[in-house]
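Structure file my_file_17.pdb (PDB, C-alpha atoms, pLDDT in the B column) is printed below.
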```
ATOM      1  CA  MET E   1      41.884  85.873  70.780  1.00 42.00           C
ATOM      2  CA  SER E   2      40.387  82.540  69.724  1.00 42.00           C
ATOM      3  CA  VAL E   3      42.901  80.590  71.836  1.00 45.00           C
ATOM      4  CA  PHE E   4      41.827  82.679  74.816  1.00 47.00           C
ATOM      5  CA  VAL E   5      38.165  81.852  74.217  1.00 42.00           C
ATOM      6  CA  VAL E   6      39.010  78.149  73.969  1.00 47.00           C
ATOM      7  CA  ILE E   7      40.974  78.266  77.222  1.00 51.00           C
ATOM      8  CA  VAL E   8      38.212  80.122  79.059  1.00 49.00           C
ATOM      9  CA  LYS E   9      35.622  77.640  77.808  1.00 46.00           C
ATOM     10  CA  LEU E  10      37.869  74.734  78.790  1.00 49.00           C
ATOM     11  CA  LEU E  11      38.376  76.187  82.265  1.00 50.00           C
ATOM     12  CA  MET E  12      34.656  76.799  82.680  1.00 51.00           C
ATOM     13  CA  LEU E  13      33.806  73.271  81.516  1.00 47.00           C
ATOM     14  CA  ILE E  14      36.314  71.686  83.860  1.00 46.00           C
ATOM     15  CA  ALA E  15      35.316  73.978  86.727  1.00 47.00           C
ATOM     16  CA  ALA E  16      31.702  72.993  86.286  1.00 47.00           C
ATOM     17  CA  SER E  17      32.565  69.344  86.730  1.00 47.00           C
ATOM     18  CA  GLU E  18      35.455  69.181  89.186  1.00 56.00           C
ATOM     19  CA  ALA E  19      38.931  70.418  90.022  1.00 65.00           C
ATOM     20  CA  MET E  20      41.678  69.995  87.480  1.00 67.00           C
ATOM     21  CA  THR E  21      44.525  67.553  87.853  1.00 73.00           C
ATOM     22  CA  MET E  22      48.066  68.917  87.789  1.00 71.00           C
ATOM     23  CA  LYS E  23      48.430  67.384  84.326  1.00 79.00           C
ATOM     24  CA  GLN E  24      45.374  69.326  83.121  1.00 75.00           C
ATOM     25  CA  ILE E  25      46.691  72.507  84.729  1.00 75.00           C
ATOM     26  CA  LYS E  26      50.049  72.076  82.993  1.00 79.00           C
ATOM     27  CA  ASN E  27      48.391  71.370  79.631  1.00 78.00           C
ATOM     28  CA  THR E  28      46.220  74.466  79.968  1.00 79.00           C
ATOM     29  CA  GLY E  29      49.354  76.389  80.930  1.00 79.00           C
ATOM     30  CA  LYS E  30      51.032  75.279  77.706  1.00 87.00           C
ATOM     31  CA  MET E  31      48.168  76.766  75.693  1.00 88.00           C
ATOM     32  CA  MET E  32      48.388  80.003  77.659  1.00 90.00           C
ATOM     33  CA  ARG E  33      52.144  80.116  77.126  1.00 91.00           C
ATOM     34  CA  LYS E  34      51.699  79.711  73.366  1.00 93.00           C
ATOM     35  CA  THR E  35      49.642  82.903  73.405  1.00 94.00           C
ATOM     36  CA  CYS E  36      51.603  85.019  75.904  1.00 95.00           C
ATOM     37  CA  GLN E  37      55.163  84.124  74.959  1.00 95.00           C
ATOM     38  CA  PRO E  38      55.091  85.524  71.396  1.00 96.00           C
ATOM     39  CA  LYS E  39      53.002  88.521  72.504  1.00 96.00           C
ATOM     40  CA  ASN E  40      55.795  89.523  74.863  1.00 96.00           C
ATOM     41  CA  ASN E  41      58.726  88.370  72.736  1.00 96.00           C
ATOM     42  CA  VAL E  42      60.288  86.456  75.604  1.00 96.00           C
ATOM     43  CA  ALA E  43      62.621  83.470  75.200  1.00 96.00           C
ATOM     44  CA  ASP E  44      62.135  80.108  76.933  1.00 96.00           C
ATOM     45  CA  GLU E  45      65.450  80.687  78.728  1.00 97.00           C
ATOM     46  CA  LYS E  46      63.930  83.644  80.535  1.00 97.00           C
ATOM     47  CA  ILE E  47      60.604  82.103  81.580  1.00 96.00           C
ATOM     48  CA  ASP E  48      61.489  78.446  82.175  1.00 94.00           C
ATOM     49  CA  PRO E  49      63.444  79.373  85.347  1.00 96.00           C
ATOM     50  CA  LEU E  50      60.279  80.808  86.970  1.00 95.00           C
ATOM     51  CA  ASN E  51      59.312  77.340  88.218  1.00 90.00           C
ATOM     52  CA  LYS E  52      62.660  77.086  90.000  1.00 93.00           C
ATOM     53  CA  GLY E  53      62.190  80.441  91.694  1.00 94.00           C
ATOM     54  CA  GLU E  54      64.495  82.317  89.330  1.00 96.00           C
ATOM     55  CA  PHE E  55      62.680  85.526  88.446  1.00 97.00           C
ATOM     56  CA  ILE E  56      64.546  87.490  85.785  1.00 97.00           C
ATOM     57  CA  GLU E  57      63.656  91.128  86.345  1.00 96.00           C
ATOM     58  CA  GLU E  58      63.188  92.194  82.732  1.00 97.00           C
ATOM     59  CA  LYS E  59      60.155  93.929  81.271  1.00 97.00           C
ATOM     60  CA  GLU E  60      59.279  91.175  78.787  1.00 97.00           C
ATOM     61  CA  VAL E  61      59.327  88.543  81.550  1.00 97.00           C
ATOM     62  CA  MET E  62      57.204  90.735  83.803  1.00 97.00           C
ATOM     63  CA  CYS E  63      54.667  91.366  81.038  1.00 97.00           C
ATOM     64  CA  TYR E  64      54.602  87.658  80.171  1.00 96.00           C
ATOM     65  CA  VAL E  65      53.607  86.950  83.795  1.00 96.00           C
ATOM     66  CA  ALA E  66      50.898  89.630  83.570  1.00 95.00           C
ATOM     67  CA  CYS E  67      49.597  88.119  80.321  1.00 95.00           C
ATOM     68  CA  ILE E  68      49.261  84.676  81.927  1.00 93.00           C
ATOM     69  CA  MET E  69      47.494  86.186  84.921  1.00 92.00           C
ATOM     70  CA  LYS E  70      45.114  88.090  82.658  1.00 91.00           C
ATOM     71  CA  MET E  71      44.294  84.891  80.768  1.00 90.00           C
ATOM     72  CA  ALA E  72      43.640  83.179  84.097  1.00 88.00           C
ATOM     73  CA  ASN E  73      41.215  85.994  84.952  1.00 87.00           C
ATOM     74  CA  THR E  74      43.136  86.927  88.083  1.00 89.00           C
ATOM     75  CA  ILE E  75      43.759  90.489  86.876  1.00 85.00           C
ATOM     76  CA  LYS E  76      40.932  92.975  86.463  1.00 81.00           C
ATOM     77  CA  ASN E  77      41.384  96.644  85.563  1.00 79.00           C
ATOM     78  CA  ASN E  78      45.153  96.132  85.667  1.00 75.00           C
ATOM     79  CA  LYS E  79      45.049  95.007  89.312  1.00 80.00           C
ATOM     80  CA  LEU E  80      45.215  91.627  90.970  1.00 83.00           C
ATOM     81  CA  ASN E  81      41.678  90.451  91.574  1.00 90.00           C
ATOM     82  CA  TYR E  82      42.118  88.682  94.905  1.00 91.00           C
ATOM     83  CA  GLU E  83      38.580  87.300  95.002  1.00 92.00           C
ATOM     84  CA  ALA E  84      38.903  85.860  91.495  1.00 91.00           C
ATOM     85  CA  ALA E  85      42.283  84.303  92.329  1.00 91.00           C
ATOM     86  CA  ILE E  86      40.845  82.618  95.434  1.00 93.00           C
ATOM     87  CA  LYS E  87      37.807  81.451  93.465  1.00 91.00           C
ATOM     88  CA  GLN E  88      40.034  80.009  90.713  1.00 86.00           C
ATOM     89  CA  ALA E  89      42.054  78.142  93.342  1.00 88.00           C
ATOM     90  CA  ASP E  90      38.860  76.774  94.929  1.00 88.00           C
ATOM     91  CA  LEU E  91      37.358  75.672  91.640  1.00 83.00           C
ATOM     92  CA  LEU E  92      40.347  74.471  89.661  1.00 83.00           C
ATOM     93  CA  PHE E  93      43.190  73.362  91.896  1.00 85.00           C
ATOM     94  CA  PRO E  94      43.557  69.765  93.096  1.00 86.00           C
ATOM     95  CA  ASP E  95      42.731  69.287  96.768  1.00 86.00           C
ATOM     96  CA  GLU E  96      46.354  68.727  97.766  1.00 87.00           C
ATOM     97  CA  ILE E  97      47.405  72.244  96.720  1.00 87.00           C
ATOM     98  CA  LYS E  98      44.140  74.159  97.093  1.00 90.00           C
ATOM     99  CA  GLU E  99      44.572  75.429 100.674  1.00 94.00           C
ATOM    100  CA  PRO E 100      48.329  76.103 100.456  1.00 94.00           C
ATOM    101  CA  ALA E 101      47.749  78.036  97.219  1.00 92.00           C
ATOM    102  CA  LYS E 102      45.016  80.136  98.797  1.00 94.00           C
ATOM    103  CA  GLU E 103      47.278  80.829 101.789  1.00 95.00           C
ATOM    104  CA  ALA E 104      50.055  82.005  99.446  1.00 94.00           C
ATOM    105  CA  ILE E 105      47.652  84.200  97.461  1.00 94.00           C
ATOM    106  CA  THR E 106      46.357  85.721 100.700  1.00 95.00           C
ATOM    107  CA  ALA E 107      49.857  86.291 102.079  1.00 95.00           C
ATOM    108  CA  CYS E 108      50.902  88.081  98.886  1.00 93.00           C
ATOM    109  CA  ARG E 109      47.795  90.060  98.045  1.00 91.00           C
ATOM    110  CA  LYS E 110      49.208  93.398  99.280  1.00 92.00           C
ATOM    111  CA  VAL E 111      52.405  93.164  97.201  1.00 92.00           C
ATOM    112  CA  VAL E 112      50.565  94.652  94.235  1.00 87.00           C
ATOM    113  CA  ASP E 113      49.948  97.861  96.174  1.00 88.00           C
ATOM    114  CA  ASP E 114      53.644  98.726  95.824  1.00 89.00           C
ATOM    115  CA  TYR E 115      53.528  98.870  92.003  1.00 91.00           C
ATOM    116  CA  LYS E 116      51.517 100.940  89.533  1.00 89.00           C
ATOM    117  CA  ASP E 117      52.583  98.984  86.458  1.00 93.00           C
ATOM    118  CA  VAL E 118      50.515  95.824  85.901  1.00 93.00           C
ATOM    119  CA  CYS E 119      53.545  93.930  84.586  1.00 95.00           C
ATOM    120  CA  GLU E 120      55.593  94.713  87.676  1.00 95.00           C
ATOM    121  CA  SER E 121      52.790  94.030  90.146  1.00 93.00           C
ATOM    122  CA  SER E 122      51.973  90.693  88.477  1.00 94.00           C
ATOM    123  CA  PHE E 123      55.622  89.685  88.474  1.00 96.00           C
ATOM    124  CA  TYR E 124      56.272  90.547  92.110  1.00 95.00           C
ATOM    125  CA  VAL E 125      53.074  89.001  93.445  1.00 94.00           C
ATOM    126  CA  THR E 126      53.962  85.813  91.540  1.00 94.00           C
ATOM    127  CA  LYS E 127      57.461  85.893  93.000  1.00 96.00           C
ATOM    128  CA  CYS E 128      55.949  86.338  96.469  1.00 95.00           C
ATOM    129  CA  ILE E 129      53.664  83.334  95.931  1.00 94.00           C
ATOM    130  CA  TYR E 130      56.667  81.232  94.915  1.00 95.00           C
ATOM    131  CA  ASN E 131      58.635  82.371  97.968  1.00 96.00           C
ATOM    132  CA  HIS E 132      55.671  81.694 100.254  1.00 94.00           C
ATOM    133  CA  ASN E 133      55.383  78.053  99.169  1.00 92.00           C
ATOM    134  CA  PRO E 134      57.707  76.802  96.412  1.00 94.00           C
ATOM    135  CA  SER E 135      56.428  73.226  96.742  1.00 90.00           C
ATOM    136  CA  ILE E 136      53.017  74.068  95.219  1.00 87.00           C
ATOM    137  CA  PHE E 137      54.196  76.623  92.654  1.00 89.00           C
ATOM    138  CA  PHE E 138      53.663  76.151  88.935  1.00 84.00           C
ATOM    139  CA  PHE E 139      53.876  78.793  86.238  1.00 87.00           C
ATOM    140  CA  PRO E 140      53.489  78.063  82.518  1.00 88.00           C
TER     141      PRO E 140
END
```

File written out as structure tokens:
Amino acid sequence: MSVFVVIVKLLMLIAASEAMTMKQIKNTGKMMRKTCQPKNNVADEKIDPLNKGEFIEEKEVMCYVACIMKMANTIKNNKLNYEAAIKQADLLFPDEIKEPAKEAITACRKVVDDYKDVCESSFYVTKCIYNHNPSIFFFP
């Protein structure tokens, strides 16, 4: 839990000053990955392909995605929190990907309605976001 607190404080500090650079986003993602990967017992070989649009439909991968989204505060009460996701994009993303990211989030917001399981809904909304605009997609 202490890593989570550090990440949240880091995100709040950076958000208070200005948007993050892609390098900062990737470094924060590495910290999140170090927490979520062992929690979900998922191998690098199954989550590294996410950034290339290869979504392996296995429970541990799906729950890894949900863990990352929870750490990013985009899931609340086991549902995608659309408003929080848009706010995170506004506050944290570099200008060059901010609007395309918000468009992808908006386009995919209803995907979660098709799934009751938070792992599945997180996974499929993330896959939708990738498919909507692969050029701006990053997942730790």

Give me the residues near Lys76 of chain E as a tab-separated table (two decimals) with C-alpha atoms, keeping the file's coordinate frame, where near means some atom within 12 Å (using all atoms listed in the file) and where sequence neighbours in that chain fewer than 6 positions away do not count.
```
chain	number	residue	atom	x	y	z
E	66	ALA	CA	50.90	89.63	83.57
E	67	CYS	CA	49.60	88.12	80.32
E	69	MET	CA	47.49	86.19	84.92
E	70	LYS	CA	45.11	88.09	82.66
E	82	TYR	CA	42.12	88.68	94.90
E	83	GLU	CA	38.58	87.30	95.00
E	84	ALA	CA	38.90	85.86	91.50
E	85	ALA	CA	42.28	84.30	92.33
E	118	VAL	CA	50.52	95.82	85.90
E	122	SER	CA	51.97	90.69	88.48
```

Exercise. So what does the PyMOL selection byres ((chain E and resi 131) around 12) actually pick up in this one, as a list of chain:residue names?
Worked result: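 Listing what the PyMOL selection byres ((chain E and resi 131) around 12) selects in the shown file: E:Leu50, E:Asn51, E:Lys52, E:Gly53, E:Glu54, E:Phe55, E:Ala101, E:Ala104, E:Ile105, E:Ala107, E:Cys108, E:Tyr124, E:Val125, E:Thr126, E:Lys127, E:Cys128, E:Ile129, E:Tyr130, E:His132, E:Asn133, E:Pro134, E:Ser135, E:Ile136, E:Phe137.
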
ask   = Could you write out as an MDAnalysis selection string the residues that the PyMOL selection byres ((chain E and resi 41) around 10) matches in the shown file?
value = chainID E and resid 36:40 42:44 60:61 63:64

Give me, please, the distance in Å between atom CA of Thr106 of chain E and atom CA of Phe93 of chain E, quoted to one decimal.
->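 Spanning atom CA of Thr106 of chain E to atom CA of Phe93 of chain E is a straight-line distance of 15.5 Å.
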
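Closest to Arg33 of chain E among E:Ile56, E:Ile68, E:Met62, E:Val112 is E:Ile68, based on only C-alpha atoms.
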
>> Here's the selection I'm unsure about, the PyMOL selection byres ((chain E and resi 89) around 10); applied to the file above, which residues does it give, as a PyMOL selection string?
In response: chain E and resi 19+83-88+90-95+97-102+105

>> Considering all atoms listed in the file, can you say which of E:Ala72, E:Leu80, E:Val65, E:Ile25 comes closest to Cys119 of chain E?
In response: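 Counting all atoms listed in the file, the residue closest to Cys119 of chain E is E:Val65.
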
Met32 of chain E proximity check over E:Glu103, E:Lys110, E:Asn81, E:Asn73, using all atoms listed in the file: winner is E:Asn73
